[in-house]
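Listing of data_39.cif; format and content: mmCIF, C-alpha atoms.
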data_my_file
loop_
_atom_site.label_atom_id
_atom_site.label_comp_id
_atom_site.auth_asym_id
_atom_site.auth_seq_id
_atom_site.Cartn_x
_atom_site.Cartn_y
_atom_site.Cartn_z
CA MET A 554 -58.81 -80.63 -98.19
CA THR A 555 -55.14 -80.79 -97.52
CA SER A 556 -52.75 -82.44 -99.88
CA SER A 557 -52.17 -85.32 -97.46
CA ASN A 558 -55.94 -85.92 -97.22
CA LYS A 559 -56.27 -85.87 -101.01
CA LYS A 560 -53.50 -88.43 -101.22
CA SER A 561 -55.17 -90.77 -98.73
CA VAL A 562 -58.50 -90.54 -100.60
CA ARG A 563 -56.75 -91.40 -103.87
CA VAL A 564 -55.04 -94.34 -102.22
CA GLN A 565 -58.35 -95.56 -100.83
CA GLU A 566 -59.99 -95.21 -104.26
CA TRP A 567 -57.12 -97.07 -105.88
CA PHE A 568 -57.38 -99.85 -103.31
CA SER A 569 -61.14 -100.17 -103.79
CA ILE A 570 -60.77 -100.27 -107.60
CA MET A 571 -58.02 -102.86 -107.35
CA ALA A 572 -60.04 -104.93 -104.91
CA PHE A 573 -63.12 -104.74 -107.14
CA SER A 574 -61.18 -105.59 -110.32
CA ALA A 575 -59.34 -108.37 -108.50
CA THR A 576 -62.68 -109.92 -107.47
CA THR A 577 -64.03 -109.62 -111.00
CA ALA A 578 -60.91 -111.10 -112.52
CA LYS A 579 -60.99 -113.92 -109.97
CA ASP A 580 -64.63 -114.64 -110.74
CA ALA A 581 -63.99 -114.57 -114.44
CA LEU A 582 -61.01 -116.88 -114.05
CA LYS A 583 -63.01 -119.24 -111.87
CA LEU A 584 -65.87 -119.28 -114.35
CA THR A 585 -63.52 -119.89 -117.27
CA ARG A 586 -61.79 -122.70 -115.41
CA GLN A 587 -65.13 -124.26 -114.54
CA LYS A 588 -66.30 -124.02 -118.15
CA MET A 589 -63.03 -125.45 -119.41
CA THR A 590 -63.22 -128.37 -116.98
CA GLU A 591 -66.81 -129.09 -118.03
CA TYR A 592 -65.84 -128.95 -121.70
CA GLN A 593 -62.77 -131.10 -121.10
CA THR A 594 -64.76 -133.72 -119.20
CA GLU A 595 -67.41 -133.86 -121.89
CA PHE A 596 -64.78 -134.04 -124.63
CA LEU A 597 -62.87 -136.79 -122.83
CA GLU A 598 -66.04 -138.76 -122.25
CA ARG A 599 -66.84 -138.62 -125.94
CA LEU A 600 -63.29 -139.46 -126.89
CA ASN A 601 -63.23 -142.38 -124.47
CA ALA A 602 -66.47 -143.72 -125.85
CA ILE A 603 -64.98 -143.75 -129.35
CA GLU A 604 -61.58 -144.96 -128.16
CA VAL A 605 -63.08 -147.91 -126.25
CA ASP A 606 -65.04 -149.01 -129.29
CA ALA A 607 -62.11 -148.49 -131.64
CA HIS A 608 -59.91 -150.36 -129.19
CA TRP A 609 -61.79 -153.65 -129.53
CA PHE A 610 -62.34 -153.01 -133.21
CA ARG A 611 -58.57 -152.82 -133.67
CA ARG A 612 -58.01 -155.98 -131.63
CA VAL A 613 -60.58 -157.96 -133.64
CA PHE A 614 -59.11 -156.63 -136.88
CA HIS A 615 -55.81 -158.20 -135.81
CA THR A 616 -57.33 -161.59 -135.02
CA PHE A 617 -59.35 -161.41 -138.24
CA ALA A 618 -56.05 -161.24 -140.14
CA ALA A 619 -55.29 -164.83 -139.10
CA SER A 620 -57.88 -165.90 -141.67
CA PHE A 621 -55.48 -164.72 -144.39
CA LEU A 622 -53.91 -168.15 -143.88
CA PHE A 623 -56.70 -169.37 -146.14
CA TYR A 624 -54.31 -168.25 -148.90
CA TYR A 625 -52.38 -171.50 -148.44
CA LEU A 626 -55.54 -173.56 -148.87
CA LEU A 627 -56.21 -172.17 -152.35
CA PRO A 628 -55.94 -174.84 -155.05
CA ASP A 629 -52.65 -175.38 -156.80
CA GLU A 630 -53.70 -174.54 -160.37
CA GLN A 631 -51.91 -172.29 -162.80
CA TRP A 632 -54.50 -169.50 -163.04
CA ILE A 633 -55.08 -169.54 -159.28
CA ASN A 634 -51.34 -169.42 -158.68
CA GLN A 635 -51.18 -166.30 -160.85
CA GLY A 636 -54.08 -164.84 -158.87
CA LYS A 637 -52.21 -165.61 -155.64
CA ILE A 638 -49.56 -163.16 -156.78
CA ILE A 639 -51.63 -160.53 -158.58
CA VAL A 640 -54.62 -160.15 -156.21
CA PRO A 641 -52.61 -159.43 -153.01
CA ILE A 642 -50.46 -156.92 -154.93
CA ILE A 643 -53.59 -155.14 -156.21
CA ILE A 644 -55.15 -155.08 -152.72
CA VAL A 645 -52.03 -153.60 -151.14
CA PHE A 646 -51.67 -151.13 -154.02
CA VAL A 647 -55.25 -149.90 -153.50
CA MET A 648 -54.57 -149.57 -149.77
CA ALA A 649 -51.43 -147.56 -150.53
CA VAL A 650 -53.36 -145.22 -152.87
CA VAL A 651 -56.05 -144.67 -150.21
CA GLU A 652 -53.39 -143.92 -147.60
CA PHE A 653 -51.53 -141.58 -149.96
CA ARG A 654 -54.72 -139.64 -150.59
CA ARG A 655 -55.50 -139.52 -146.88
CA ILE A 656 -52.08 -138.16 -146.01
CA GLN A 657 -52.31 -135.64 -148.85
CA GLY A 658 -55.54 -134.42 -147.30
CA ASN A 659 -57.85 -135.49 -150.12
CA LEU A 660 -59.59 -137.95 -147.82
CA ASP A 661 -60.76 -136.84 -144.41
CA HIS A 662 -58.75 -138.43 -141.58
CA ASN A 663 -61.92 -138.56 -139.46
CA ARG A 664 -63.55 -140.91 -141.92
CA PHE A 665 -61.13 -143.70 -141.03
CA PHE A 666 -62.39 -145.60 -138.06
CA GLY A 667 -59.92 -146.78 -135.43
CA LEU A 668 -56.92 -144.75 -136.59
CA ARG A 669 -54.57 -143.55 -133.89
CA SER A 670 -53.75 -139.87 -133.57
CA TYR A 671 -50.08 -140.39 -134.55
CA GLU A 672 -51.21 -142.04 -137.78
CA LYS A 673 -52.57 -138.73 -139.01
CA LYS A 674 -49.48 -137.77 -140.98
CA ARG A 675 -48.02 -141.17 -141.80
CA PRO A 676 -49.39 -144.37 -143.35
CA ALA A 677 -51.80 -146.19 -141.05
CA SER A 678 -50.86 -149.51 -139.49
CA TYR A 679 -53.23 -151.54 -141.70
CA LEU A 680 -51.06 -150.66 -144.71
CA TYR A 681 -47.91 -151.84 -142.90
CA PHE A 682 -49.75 -155.00 -141.92
CA GLY A 683 -50.81 -155.57 -145.54
CA VAL A 684 -47.31 -154.94 -146.93
CA ALA A 685 -45.78 -157.38 -144.43
CA VAL A 686 -48.34 -160.09 -145.25
CA LEU A 687 -47.76 -159.52 -148.97
CA LEU A 688 -43.99 -159.89 -148.58
CA LEU A 689 -44.45 -163.04 -146.50
CA PHE A 690 -46.82 -164.58 -149.05
CA LEU A 691 -44.60 -163.80 -152.01
CA PHE A 692 -41.05 -164.28 -150.74
CA PHE A 693 -41.16 -166.63 -147.75
CA PRO A 694 -42.06 -170.31 -147.43
CA GLN A 695 -45.26 -170.95 -145.47
CA GLN A 696 -43.28 -172.57 -142.62
CA ILE A 697 -41.82 -169.12 -141.93
CA ALA A 698 -44.81 -166.99 -142.96
CA ILE A 699 -47.48 -168.79 -140.89
CA PRO A 700 -46.03 -168.23 -137.38
CA CYS A 701 -45.18 -164.62 -138.26
CA ILE A 702 -48.76 -163.91 -139.36
CA LEU A 703 -50.03 -165.67 -136.22
CA CYS A 704 -47.78 -163.44 -134.10
CA ALA A 705 -49.18 -160.30 -135.72
CA SER A 706 -52.73 -161.62 -135.39
CA PHE A 707 -52.68 -162.86 -131.80
CA THR A 708 -49.46 -161.89 -130.00
CA ASP A 709 -49.81 -158.21 -130.87
CA PRO A 710 -53.33 -157.75 -129.40
CA LEU A 711 -52.45 -160.02 -126.50
CA ILE A 712 -49.41 -157.88 -125.63
CA GLY A 713 -51.62 -154.81 -125.96
CA GLU A 714 -54.14 -156.17 -123.47
CA ALA A 715 -51.54 -157.59 -121.09
CA ARG A 716 -49.65 -154.28 -121.13
CA TYR A 717 -52.78 -152.56 -119.93
CA TYR A 718 -53.46 -154.97 -117.05
CA LEU A 719 -50.01 -156.25 -116.05
CA GLY A 720 -47.49 -153.70 -117.27
CA LYS A 721 -44.96 -153.65 -120.08
CA LYS A 722 -42.46 -156.21 -118.82
CA GLN A 723 -44.99 -158.91 -118.02
CA ALA A 724 -46.76 -158.25 -121.31
CA TYR A 725 -43.62 -158.88 -123.34
CA ILE A 726 -42.83 -162.04 -121.35
CA ILE A 727 -46.33 -163.37 -122.08
CA GLY A 728 -45.96 -162.28 -125.72
CA PHE A 729 -42.67 -164.13 -125.96
CA PHE A 730 -44.10 -167.44 -124.72
CA VAL A 731 -47.20 -167.15 -126.88
CA SER A 732 -44.97 -166.53 -129.90
CA VAL A 733 -42.80 -169.51 -128.96
CA PHE A 734 -45.99 -171.58 -128.97
CA PHE A 735 -46.89 -170.39 -132.49
CA PHE A 736 -43.45 -171.24 -133.85
CA MET A 737 -43.55 -174.63 -132.14
CA ILE A 738 -46.93 -175.45 -133.68
CA THR A 739 -45.67 -174.61 -137.15
CA TRP A 740 -42.29 -176.33 -136.80
CA TYR A 741 -43.43 -179.30 -134.69
CA GLN A 742 -42.27 -181.72 -137.38
CA ALA A 743 -38.68 -180.43 -137.24
CA ARG A 744 -35.96 -181.98 -135.07
CA TRP A 745 -36.29 -180.90 -131.42
CA GLU A 746 -33.05 -178.85 -131.29
CA ILE A 747 -34.04 -177.00 -134.45
CA LEU A 748 -37.56 -176.55 -133.08
CA LEU A 749 -36.18 -175.01 -129.91
CA VAL A 750 -33.71 -172.66 -131.61
CA ILE A 751 -36.19 -171.54 -134.27
CA SER A 752 -38.98 -170.97 -131.73
CA VAL A 753 -36.79 -168.89 -129.42
CA LEU A 754 -35.29 -166.93 -132.32
CA GLY A 755 -38.64 -166.29 -133.98
CA ALA A 756 -40.35 -165.32 -130.73
CA THR A 757 -37.49 -162.96 -129.84
CA GLY A 758 -37.79 -161.34 -133.26
CA ALA A 759 -41.54 -160.95 -132.86
CA VAL A 760 -41.32 -159.40 -129.38
CA VAL A 761 -38.46 -157.08 -130.36
CA GLY A 762 -40.41 -156.10 -133.49
CA GLU A 763 -43.41 -155.28 -131.32
CA ALA A 764 -41.49 -153.57 -128.52
CA LYS A 765 -39.18 -151.40 -130.63
CA LYS A 766 -41.18 -148.37 -131.71
CA LEU A 767 -39.80 -146.84 -134.87
CA ARG A 768 -40.89 -143.50 -136.22
CA PHE A 769 -41.72 -144.48 -139.77
CA ILE A 770 -42.20 -148.25 -139.58
CA ASP A 771 -45.16 -149.59 -137.65
CA ASP A 772 -44.88 -152.50 -135.22
CA ASP A 773 -47.51 -154.37 -137.27
CA PHE A 774 -44.86 -154.64 -139.98
CA MET A 775 -41.94 -155.35 -137.68
CA ILE A 776 -43.65 -158.08 -135.64
CA GLN A 777 -44.04 -160.07 -138.85
CA PHE A 778 -41.03 -159.11 -140.87
CA LEU A 779 -38.27 -159.23 -138.25
CA PRO A 780 -38.78 -162.87 -137.18
CA ALA A 781 -39.31 -163.85 -140.82
CA LEU A 782 -36.04 -162.21 -141.80
CA LEU A 783 -34.16 -163.85 -138.93
CA LEU A 784 -35.50 -167.29 -139.83
CA LEU A 785 -34.80 -166.71 -143.53
CA ILE A 786 -31.16 -165.87 -142.75
CA VAL A 787 -30.75 -168.96 -140.55
CA TRP A 788 -32.51 -171.21 -143.07
CA GLN A 789 -30.55 -169.95 -146.07
CA GLY A 790 -27.29 -169.82 -144.10
CA LEU A 791 -27.60 -173.44 -143.06
CA LEU A 792 -28.72 -174.39 -146.56
CA VAL A 793 -25.41 -173.01 -147.90
CA LEU A 794 -23.68 -175.36 -145.44
CA GLY A 795 -25.80 -178.21 -146.79
CA ILE A 796 -28.17 -178.45 -143.82
CA SER A 797 -31.89 -178.23 -144.48
CA ILE A 798 -33.93 -177.30 -141.43
CA LEU A 799 -37.28 -176.51 -143.04
CA PRO A 800 -39.98 -178.95 -141.84
CA PRO A 801 -42.74 -180.28 -144.14
CA ARG A 802 -45.55 -177.91 -145.09
CA LEU A 803 -48.39 -177.44 -142.64
CA ILE A 804 -51.19 -176.41 -145.00
CA PHE A 805 -51.95 -178.16 -148.27
CA PRO A 806 -54.02 -176.70 -151.11
CA ILE A 807 -57.63 -177.92 -151.27
CA MET B 822 -69.47 -121.97 -138.60
CA ASN B 823 -68.60 -123.74 -135.36
CA THR B 824 -72.05 -125.31 -135.14
CA THR B 825 -71.79 -126.54 -138.73
CA ASN B 826 -68.42 -128.11 -137.98
CA ASN B 827 -69.75 -129.77 -134.85
CA HIS B 828 -72.74 -131.08 -136.77
CA ARG B 829 -70.43 -132.41 -139.50
CA ASN B 830 -68.15 -134.12 -136.98
CA GLU B 831 -71.16 -135.65 -135.28
CA THR B 832 -72.44 -137.01 -138.62
CA ILE B 833 -69.02 -138.46 -139.42
CA ARG B 834 -68.85 -140.07 -135.98
CA LYS B 835 -72.25 -141.69 -136.46
CA LEU B 836 -71.23 -142.92 -139.91
CA LEU B 837 -68.04 -144.43 -138.51
CA LEU B 838 -69.90 -146.22 -135.76
CA ARG B 839 -72.36 -147.54 -138.34
CA LEU B 840 -69.36 -148.69 -140.40
CA GLU B 841 -68.07 -150.59 -137.39
CA LEU B 842 -71.45 -152.25 -136.93
CA TRP B 843 -71.51 -153.11 -140.63
CA PHE B 844 -68.02 -154.57 -140.45
CA ALA B 845 -68.63 -156.56 -137.28
CA PRO B 846 -70.32 -159.64 -138.82
CA TRP B 847 -67.46 -160.01 -141.31
CA LEU B 848 -64.83 -159.63 -138.64
CA LEU B 849 -66.53 -162.29 -136.56
CA LEU B 850 -67.76 -164.77 -139.15
CA VAL B 851 -64.90 -164.96 -141.66
CA PRO B 852 -62.25 -166.24 -139.20
CA LEU B 853 -64.73 -168.74 -137.77
CA LEU B 854 -65.57 -170.00 -141.26
CA VAL B 855 -61.89 -170.24 -142.19
CA SER B 856 -61.14 -172.19 -139.01
CA LEU B 857 -64.02 -174.55 -139.80
CA VAL B 858 -62.61 -175.06 -143.31
CA PHE B 859 -59.24 -175.93 -141.76
CA ILE B 860 -60.86 -178.41 -139.37
CA GLY B 861 -62.97 -179.81 -142.23
CA GLU B 862 -59.85 -180.31 -144.32
CA TRP B 863 -58.24 -182.22 -141.48
CA TYR B 864 -61.38 -184.31 -140.99
CA THR B 865 -61.83 -185.30 -144.64
CA LYS B 866 -58.21 -185.67 -145.70
CA GLY B 867 -56.54 -186.44 -142.39
CA TYR B 868 -58.89 -188.15 -139.97
CA LEU B 869 -60.94 -190.23 -142.44
CA THR B 870 -57.83 -191.41 -144.28
CA SER B 871 -55.76 -191.73 -141.07
CA SER B 872 -53.12 -189.40 -142.48
CA PRO B 873 -51.04 -187.55 -139.85
CA GLN B 874 -49.94 -185.09 -142.55
CA TYR B 875 -52.99 -182.94 -141.80
CA ASN B 876 -52.51 -182.69 -138.04
CA GLY B 877 -50.96 -179.25 -138.50
CA THR B 878 -54.08 -178.09 -140.33
CA LEU B 879 -56.17 -179.19 -137.34
CA LEU B 880 -53.88 -177.34 -134.94
CA LEU B 881 -54.13 -174.16 -137.00
CA GLY B 882 -57.91 -174.52 -137.30
CA LEU B 883 -58.29 -174.85 -133.55
CA LEU B 884 -55.90 -171.98 -132.95
CA LEU B 885 -57.85 -169.72 -135.29
CA LEU B 886 -61.12 -170.71 -133.65
CA MET B 887 -59.97 -170.24 -130.06
CA GLY B 888 -57.91 -167.10 -130.74
CA ASN B 889 -60.80 -165.39 -132.47
CA LEU B 890 -63.35 -166.38 -129.85
CA VAL B 891 -61.16 -164.95 -127.09
CA PHE B 892 -61.21 -161.51 -128.72
CA ASP B 893 -64.71 -161.71 -130.25
CA ILE B 894 -66.48 -161.87 -126.90
CA PRO B 895 -65.23 -158.50 -125.54
CA PHE B 896 -65.76 -156.99 -128.98
CA LEU B 897 -69.40 -158.12 -129.00
CA ARG B 898 -69.77 -156.80 -125.47
CA SER B 899 -68.42 -153.41 -126.56
CA LEU B 900 -70.89 -153.37 -129.46
CA ARG B 901 -73.75 -154.12 -127.09
CA MET B 902 -72.63 -151.26 -124.86
CA LEU B 903 -72.47 -149.02 -127.89
CA LYS B 904 -76.03 -149.89 -128.93
CA LYS B 905 -77.23 -149.26 -125.40
CA LYS B 906 -75.53 -145.86 -125.41
CA GLN B 907 -77.14 -144.97 -128.73
#

Structure rendered as structure tokens:
Amino acid sequence: MTSSNKKSVRVQEWFSIMAFSATTAKDALKLTRQKMTEYQTEFLERLNAIEVDAHWFRRVFHTFAASFLFYYLLPDEQWINQGKIIVPIIIVFVMAVVEFRRIQGNLDHNRFFGLRSYEKKRPASYLYFGVAVLLLFLFFPQQIAIPCILCASFTDPLIGEARYYLGKKQAYIIGFFVSVFFFMITWYQARWEILLVISVLGATGAVVGEAKKLRFIDDDFMIQFLPALLLLIVWQGLLVLGISILPPRLIFPI
Amino acid sequence: MNTTNNHRNETIRKLLLRLELWFAPWLLLVPLLVSLVFIGEWYTKGYLTSSPQYNGTLLLGLLLLMGNLVFDIPFLRSLRMLKKKQ
């Protein structure tokens, strides 16, 4: 065999090896891809099943929070009034301890139903919700606290749903008008110009609180606290000028 | 090891779903009861005594009732789907 023949045989062998290994690699890659797709589909299906359930669970948890307004129906007696301060503080404190332990890793994240993935390393939204309600109960008059709690209970899930079906912009417009309605219901006994200004201001605060996503503060806190703070500033500011805008109370103790 | 982890995750998932089912009656009934208390308050102290002071309580009661019903229905539907799946 001449040297040129030897060379051509080697080249042929090399080509056949390469072709064979290329086919094998292709097959392996194809198989892996197929397996990965199957796994991904199955995983997503499972995840979706949980997410869908958690989705409505979260929504109903929000609307459930409107029943916290029962707080204002509690009788006006000394020991109950003390309980009205102590019990919510204890509840929020327990929630904070649970969250602290979860973030520390002492409690398994998976054991908390309905938590979002980004809540893994920061306090969950229910704690923010609880803190906001506590602050509203303790430091704000019910005329301000009630519409803010209603916004967190109904506007928030409504925006969430509307965002899914109609898009962000439409969702916030709907959220704004629904919030205006809540403020109007609570302040309906005020003078019409005050009613209008307060409703627009409160609703703007609620929608901005919901829309603005902050890294460490959840929107469940902001949707309640921002409008409350705005109304508190207006109320106190006008009070300094000698103008009282606060309407009569809406809920009376049993 | 992997199988044990999968088994553990599956158990946790089942527990969580059971927790949701256990929570559901509370999530549905408490707001409805509270709204009925609000409406009852308006009826006894407002309507029977013809006092308009309690009209706000009625409004809130109705709002609580309607708002909760709107979200309770899809929630119940999702629970039914879940039971079917199980």

Practice task
Find the residues in chain B near chain A: any atom within 6 Å counts, using only C-alpha atoms. Write them as a PyMOL selection string.
Solution key: chain B and resi 837+848+852+855+877-878+889+896

Write the selection just made, keeping C-alpha atoms, as a PDB file, keeping the file's coordinate frame?
ATOM      1  CA  LEU B 837     -68.040-144.430-138.510  1.00  0.00           C
ATOM      2  CA  LEU B 848     -64.830-159.630-138.640  1.00  0.00           C
ATOM      3  CA  PRO B 852     -62.250-166.240-139.200  1.00  0.00           C
ATOM      4  CA  VAL B 855     -61.890-170.240-142.190  1.00  0.00           C
ATOM      5  CA  GLY B 877     -50.960-179.250-138.500  1.00  0.00           C
ATOM      6  CA  THR B 878     -54.080-178.090-140.330  1.00  0.00           C
ATOM      7  CA  ASN B 889     -60.800-165.390-132.470  1.00  0.00           C
ATOM      8  CA  PHE B 896     -65.760-156.990-128.980  1.00  0.00           C
TER       9      PHE B 896
END

Fill in the blank from the handout: Between atom CA of Leu850 of chain B and atom CA of Arg901 of chain B lies a distance of 17.2 Å

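Take atom CA of Gly755 of chain A and atom CA of Leu881 of chain B: the distance between them is 17.6 Å.
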
Hey, could you pull the box centre and edge lengths for segment 647-656 of chain A, axis-aligned, 8 Å padding per side, all listed atoms, to one decimal in Å, as JSON?
{"center_x": -53.7, "center_y": -144.0, "center_z": -149.8, "size_x": 20.6, "size_y": 27.7, "size_z": 23.5}

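For the pair atom CA of Ile638 of chain A and atom CA of Thr865 of chain B, the interatomic distance is 28.1 Å.
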
Problem - Output check: residues returned by the PyMOL selection byres ((chain A and resi 645) around 10), as a ChimeraX atom specification - result: /A:640-644,646-651,679-687

Practice task
Could you state which residues are captured by the PyMOL selection byres ((chain A and resi 751) around 9) in this file, as a ChimeraX atom specification?
Solution key: /A:733,736-737,740,746-750,752-756,784,787

Practice task
Rank A:Ala759, A:Ile633, A:Ala743, A:Met775 by their smallest atom-to-atom distance to Ser797 of chain A, using all atoms listed in the file, and report the top residue only.
Solution key: A:Ala743

Exercise for the section: Please write as a PyMOL selection string the full residue list that the PyMOL selection byres ((chain A and resi 770) around 10) yields on this file. Expected result: chain A and resi 675-678+681+765-769+771-775

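With distances restricted to only C-alpha atoms, A:Leu691 is the closest residue to Gly636 of chain A from A:Val761, A:Leu792, A:Leu691, A:Leu668.
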